[in-house]
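Pasting structure.txt here (compact mmCIF, C-alpha atoms):
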# COMPACT_ATOMS: atom_id res chain seq x y z
CA MET A 14 -54.02 27.78 51.63
CA ALA A 15 -57.72 27.16 51.32
CA GLY A 16 -57.25 26.25 47.65
CA ILE A 17 -54.58 23.70 48.58
CA GLN A 18 -56.78 22.19 51.27
CA ASN A 19 -59.70 21.91 48.86
CA ARG A 20 -57.61 20.16 46.24
CA LEU A 21 -56.01 17.74 48.69
CA GLY A 22 -59.43 16.93 50.11
CA VAL A 23 -60.96 16.34 46.67
CA PHE A 24 -58.15 13.97 45.66
CA PHE A 25 -58.40 12.04 48.93
CA PHE A 26 -62.19 11.75 48.65
CA THR A 27 -61.97 10.66 45.00
CA LEU A 28 -59.54 7.85 45.73
CA ALA A 29 -61.55 6.69 48.74
CA LEU A 30 -64.72 6.72 46.64
CA PHE A 31 -63.32 4.60 43.82
CA GLY A 32 -61.24 2.41 46.09
CA PHE A 33 -64.08 1.27 48.32
CA SER A 34 -66.58 1.12 45.45
CA CYS A 35 -64.37 -1.55 43.87
CA LEU A 36 -65.21 -3.83 46.81
CA SER A 37 -68.61 -4.32 45.20
CA SER A 38 -66.93 -6.45 42.51
CA LEU A 39 -65.80 -9.07 45.03
CA SER A 40 -68.76 -11.17 43.96
CA LEU A 41 -67.62 -11.01 40.33
CA PHE A 42 -66.04 -14.45 40.52
CA SER A 43 -67.26 -15.89 43.81
CA ASN A 44 -70.81 -16.27 42.47
CA GLU A 45 -69.50 -18.23 39.49
CA ARG A 46 -66.80 -20.28 41.23
CA ILE A 47 -68.69 -23.59 41.28
CA LEU A 48 -70.05 -23.06 37.77
CA PHE A 49 -66.56 -22.28 36.49
CA MET A 50 -65.07 -25.42 38.03
CA ARG A 51 -67.80 -27.61 36.55
CA GLU A 52 -67.57 -26.13 33.08
CA ARG A 53 -63.78 -26.23 33.19
CA ALA A 54 -63.90 -29.91 34.18
CA ASN A 55 -66.19 -30.63 31.23
CA GLY A 56 -63.81 -28.87 28.85
CA TYR A 57 -66.16 -26.07 27.78
CA TYR A 58 -63.37 -23.49 27.88
CA SER A 59 -59.88 -22.93 29.27
CA PRO A 60 -59.09 -20.77 32.30
CA LEU A 61 -57.32 -18.29 30.03
CA THR A 62 -60.44 -17.81 27.91
CA TYR A 63 -62.65 -17.30 30.96
CA PHE A 64 -60.15 -14.95 32.62
CA ALA A 65 -59.64 -12.88 29.47
CA SER A 66 -63.38 -12.45 29.00
CA LYS A 67 -63.75 -11.27 32.60
CA VAL A 68 -60.95 -8.74 32.29
CA LEU A 69 -61.95 -7.40 28.87
CA PHE A 70 -65.71 -7.22 29.28
CA ASP A 71 -66.30 -6.88 33.01
CA ILE A 72 -63.30 -5.19 34.64
CA LEU A 73 -61.97 -2.81 31.98
CA PRO A 74 -65.30 -1.15 31.00
CA LEU A 75 -66.44 -0.80 34.62
CA ARG A 76 -63.10 0.61 35.82
CA VAL A 77 -62.19 2.88 32.90
CA VAL A 78 -65.44 4.60 31.92
CA PRO A 79 -66.72 5.69 35.40
CA PRO A 80 -63.51 7.52 36.47
CA MET A 81 -63.35 9.30 33.11
CA VAL A 82 -66.96 10.45 33.43
CA TYR A 83 -66.40 11.45 37.05
CA GLY A 84 -63.18 13.29 36.22
CA ALA A 85 -64.76 15.16 33.31
CA ILE A 86 -67.54 16.39 35.61
CA ILE A 87 -65.54 17.47 38.66
CA TYR A 88 -62.41 18.80 36.97
CA GLY A 89 -63.85 22.13 35.95
CA PHE A 90 -66.37 22.21 38.80
CA VAL A 91 -63.62 22.07 41.44
CA GLY A 92 -61.47 24.54 39.54
CA LEU A 93 -58.41 22.43 38.81
CA VAL A 94 -55.67 23.64 36.47
CA PRO A 95 -57.35 24.43 33.10
CA GLU A 96 -54.69 22.90 30.86
CA VAL A 97 -55.20 20.03 28.43
CA THR A 98 -52.00 18.18 29.39
CA THR A 99 -52.73 18.48 33.10
CA PHE A 100 -56.30 17.29 32.56
CA TRP A 101 -55.29 14.13 30.72
CA LYS A 102 -52.57 13.35 33.23
CA PHE A 103 -55.26 13.66 35.92
CA MET A 104 -57.41 11.21 33.96
CA LEU A 105 -54.50 8.81 33.52
CA ALA A 106 -53.72 8.73 37.24
CA LEU A 107 -57.39 8.20 38.10
CA VAL A 108 -57.88 5.37 35.59
CA MET A 109 -54.62 3.64 36.54
CA PHE A 110 -55.61 3.76 40.21
CA ASN A 111 -59.02 2.30 39.47
CA LEU A 112 -57.54 -0.51 37.36
CA THR A 113 -55.00 -1.31 40.07
CA THR A 114 -57.67 -1.45 42.75
CA ALA A 115 -59.87 -3.63 40.54
CA SER A 116 -56.98 -6.06 39.98
CA VAL A 117 -56.47 -6.35 43.74
CA ILE A 118 -60.16 -7.11 44.27
CA LEU A 119 -60.11 -9.61 41.39
CA LEU A 120 -57.21 -11.40 43.06
CA LEU A 121 -59.09 -11.60 46.36
CA SER A 122 -62.30 -12.84 44.73
CA ILE A 123 -60.38 -15.67 43.06
CA ALA A 124 -58.10 -16.54 45.98
CA PHE A 125 -60.81 -16.78 48.66
CA ALA A 126 -63.75 -19.11 48.25
CA SER A 127 -65.62 -17.33 51.05
CA TYR A 128 -67.10 -13.96 50.11
CA SER A 129 -67.08 -12.78 53.75
CA VAL A 130 -63.36 -13.54 54.14
CA ALA A 131 -62.55 -11.82 50.85
CA SER A 132 -64.61 -8.81 51.92
CA LEU A 133 -62.80 -8.58 55.27
CA VAL A 134 -59.35 -8.85 53.69
CA GLY A 135 -60.31 -6.35 50.98
CA THR A 136 -61.52 -3.83 53.54
CA LEU A 137 -58.33 -4.18 55.58
CA ILE A 138 -56.20 -3.67 52.46
CA MET A 139 -58.15 -0.53 51.54
CA LEU A 140 -57.85 0.88 55.07
CA PHE A 141 -54.11 0.17 55.14
CA ASN A 142 -53.65 1.94 51.82
CA LEU A 143 -55.84 4.83 52.92
CA LEU A 144 -53.73 5.31 56.05
CA PHE A 145 -50.57 5.69 53.97
CA THR A 146 -52.11 7.87 51.27
CA GLY A 147 -50.03 10.88 52.28
CA LEU A 148 -52.70 13.13 53.77
CA LEU A 149 -53.42 11.45 57.10
CA ILE A 150 -49.77 10.79 57.99
CA ASN A 151 -46.89 12.93 56.74
CA ARG A 152 -44.36 10.73 54.97
CA ASP A 153 -41.37 12.63 56.32
CA SER A 154 -42.52 12.15 59.91
CA VAL A 155 -42.71 8.35 59.64
CA SER A 156 -39.87 6.30 61.11
CA PRO A 157 -37.42 4.95 58.50
CA TRP A 158 -38.37 1.47 59.72
CA PHE A 159 -41.91 1.94 58.37
CA LYS A 160 -41.39 4.41 55.51
CA TRP A 161 -41.05 1.54 53.04
CA LEU A 162 -44.76 0.82 53.54
CA TYR A 163 -45.53 3.82 51.32
CA ASN A 164 -43.96 1.94 48.42
CA PHE A 165 -46.68 -0.71 48.68
CA SER A 166 -49.60 1.72 48.89
CA PHE A 167 -51.26 2.22 45.52
CA PHE A 168 -53.39 4.88 47.21
CA HIS A 169 -50.20 6.81 47.94
CA ALA A 170 -48.92 6.46 44.38
CA ALA A 171 -52.18 7.77 42.92
CA TYR A 172 -52.55 10.53 45.52
CA GLU A 173 -49.03 11.78 45.00
CA ALA A 174 -49.46 11.68 41.21
CA LEU A 175 -52.72 13.65 41.34
CA THR A 176 -51.33 16.21 43.78
CA VAL A 177 -48.03 16.71 41.96
CA ASN A 178 -49.80 17.02 38.63
CA GLU A 179 -52.05 19.75 40.02
CA LEU A 180 -49.74 21.73 42.27
CA ARG A 181 -46.25 21.44 40.89
CA TYR A 182 -46.25 24.66 38.86
CA LEU A 183 -48.78 26.69 40.84
CA THR A 184 -48.00 29.71 42.99
CA LEU A 185 -50.18 30.31 46.03
CA LYS A 186 -51.27 33.81 46.91
CA GLU A 187 -52.52 34.53 50.40
CA LYS A 188 -53.45 37.88 51.93
CA ARG A 189 -53.06 37.93 55.69
CA TYR A 190 -53.25 41.03 57.87
CA GLY A 191 -53.01 43.28 54.82
CA VAL A 192 -49.87 41.56 53.48
CA GLU A 193 -49.95 39.51 50.28
CA ILE A 194 -47.78 36.42 50.44
CA GLU A 195 -46.74 34.25 47.47
CA ILE A 196 -45.72 30.65 48.13
CA PRO A 197 -44.58 28.16 45.44
CA ALA A 198 -46.83 25.12 45.56
CA ALA A 199 -43.75 22.88 45.35
CA THR A 200 -42.94 24.09 48.86
CA VAL A 201 -46.34 22.87 50.06
CA LEU A 202 -45.69 19.50 48.43
CA SER A 203 -42.49 19.13 50.41
CA LEU A 204 -44.30 20.04 53.63
CA PHE A 205 -46.67 17.12 53.05
CA GLY A 206 -43.80 14.78 52.25
CA LEU A 207 -44.74 14.54 48.55
CA ARG A 208 -42.09 14.42 45.85
CA ALA A 209 -42.48 17.06 43.13
CA GLN A 210 -40.81 14.93 40.43
CA ALA A 211 -42.64 11.68 41.14
CA PHE A 212 -45.53 11.72 38.66
CA TRP A 213 -44.23 9.33 36.00
CA TRP A 214 -41.65 7.59 38.16
CA PRO A 215 -42.36 6.08 40.52
CA ASP A 216 -46.09 6.85 40.84
CA ILE A 217 -47.65 6.03 37.45
CA ALA A 218 -45.06 3.32 36.86
CA VAL A 219 -45.86 1.71 40.22
CA LEU A 220 -49.58 1.72 39.46
CA GLY A 221 -48.89 0.04 36.13
CA ILE A 222 -46.61 -2.55 37.74
CA PHE A 223 -49.17 -3.29 40.45
CA PHE A 224 -51.96 -3.67 37.90
CA GLY A 225 -49.93 -6.03 35.74
CA ALA A 226 -48.60 -8.06 38.67
CA PHE A 227 -51.96 -8.52 40.41
CA THR A 228 -53.64 -9.44 37.13
CA VAL A 229 -51.02 -12.09 36.33
CA ILE A 230 -51.13 -13.51 39.88
CA SER A 231 -54.94 -13.67 39.64
CA TYR A 232 -54.70 -15.72 36.46
CA LEU A 233 -52.09 -18.06 37.94
CA ILE A 234 -54.29 -18.72 40.97
CA LEU A 235 -57.25 -19.37 38.69
CA GLN A 236 -55.15 -21.74 36.56
CA PHE A 237 -53.45 -23.78 39.27
CA TYR A 238 -55.45 -23.30 42.47
CA VAL A 239 -59.14 -23.09 41.56
CA LYS A 240 -59.73 -26.64 40.43
CA GLU A 241 -62.42 -29.21 40.81
CA LYS A 242 -61.74 -31.84 43.45
CA ARG A 243 -62.09 -35.47 42.40
Is it possible to give me this structure as structure tokens?
Amino acid sequence: MAGIQNRLGVFFFTLALFGFSCLSSLSLFSNERILFMRERANGYYSPLTYFASKVLFDILPLRVVPPMVYGAIIYGFVGLVPEVTTFWKFMLALVMFNLTTASVILLLSIAFASYSVASLVGTLIMLFNLLFTGLLINRDSVSPWFKWLYNFSFFHAAYEALTVNELRYLTLKEKRYGVEIEIPAATVLSLFGLRAQAFWWPDIAVLGIFFGAFTVISYLILQFYVKEKR
């Protein structure tokens, strides 16, 4: 069970690391808000041009390259499953999580003119997601009235995807009191309330939907809400 604990801890730490590090990009737009409104009013560029440049040259490079470098370093160091398919699925889940988190932070930086308010709301969102990751509170033990909250936690989607990808086909071997015990890792997944078939749907799909939805909403707010006042 030590191997399971180590893997669950590594995945939880990784998501917390990238999730809270994304808060540093809250100033990505807030520092340029007044400049953007002035230049938009003077017709220098359209909101779509500005938004596309931010996403393509600021968000994507900063949120795709670091998780891939991080994943390439820790994957073998931690001793995760040494298979090519499993490795790239691990990378996909990590990158999709980082992009989703970045899109949430982008939305907050555009929606709130005050950096302190955006920072507070961003921290609360991260803490909420962290609570429903799947490690701190067992999903099966949560009341049906609140279980739906897991569907809105992108931390949970990424955590479940990473865990299922790693443990689904493993068999645990423990030697206790001179007796060797073999336990299918899928059994451990069920004990933690994680679904063994949930990698592509709903987990990766949910991360993709969240990323697309938050990005589109961010652009709409920039287009129709962030305007110069005459």
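Counting from atom CA of A:Val155, the distance to atom CA of A:Gly206 is 9.9 Å.
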Contacts of stretch 71-78 of chain A at 8 Å or less, counting only C-alpha atoms, minus same-chain residues fewer than 6 places along, as a PyMOL selection string?
chain A and resi 108+111-112+115
Considering only C-alpha atoms, state which residue in the set A:Asn178, A:Thr200, A:Arg208, A:Ser129 is at the smallest distance from A:Asp153.
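Among the listed residues, the smallest separation from A:Asp153 belongs to A:Arg208.
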For a quick check of understanding, using only C-alpha atoms, which of A:Phe125, A:Phe64, A:Tyr58, A:Phe31 has the smallest distance to A:Pro79?
A:Phe31
Fewer than 3 positions away in the same chain doesn't count, so skip those; otherwise give me all residues within 9 Å of stretch 34-40 of chain A, counting all atoms listed in the file, as number ranges by chain.
A: 29-31, 43-45, 72, 76, 111, 114-115, 118-119, 121-123, 128, 131-132, 135-136
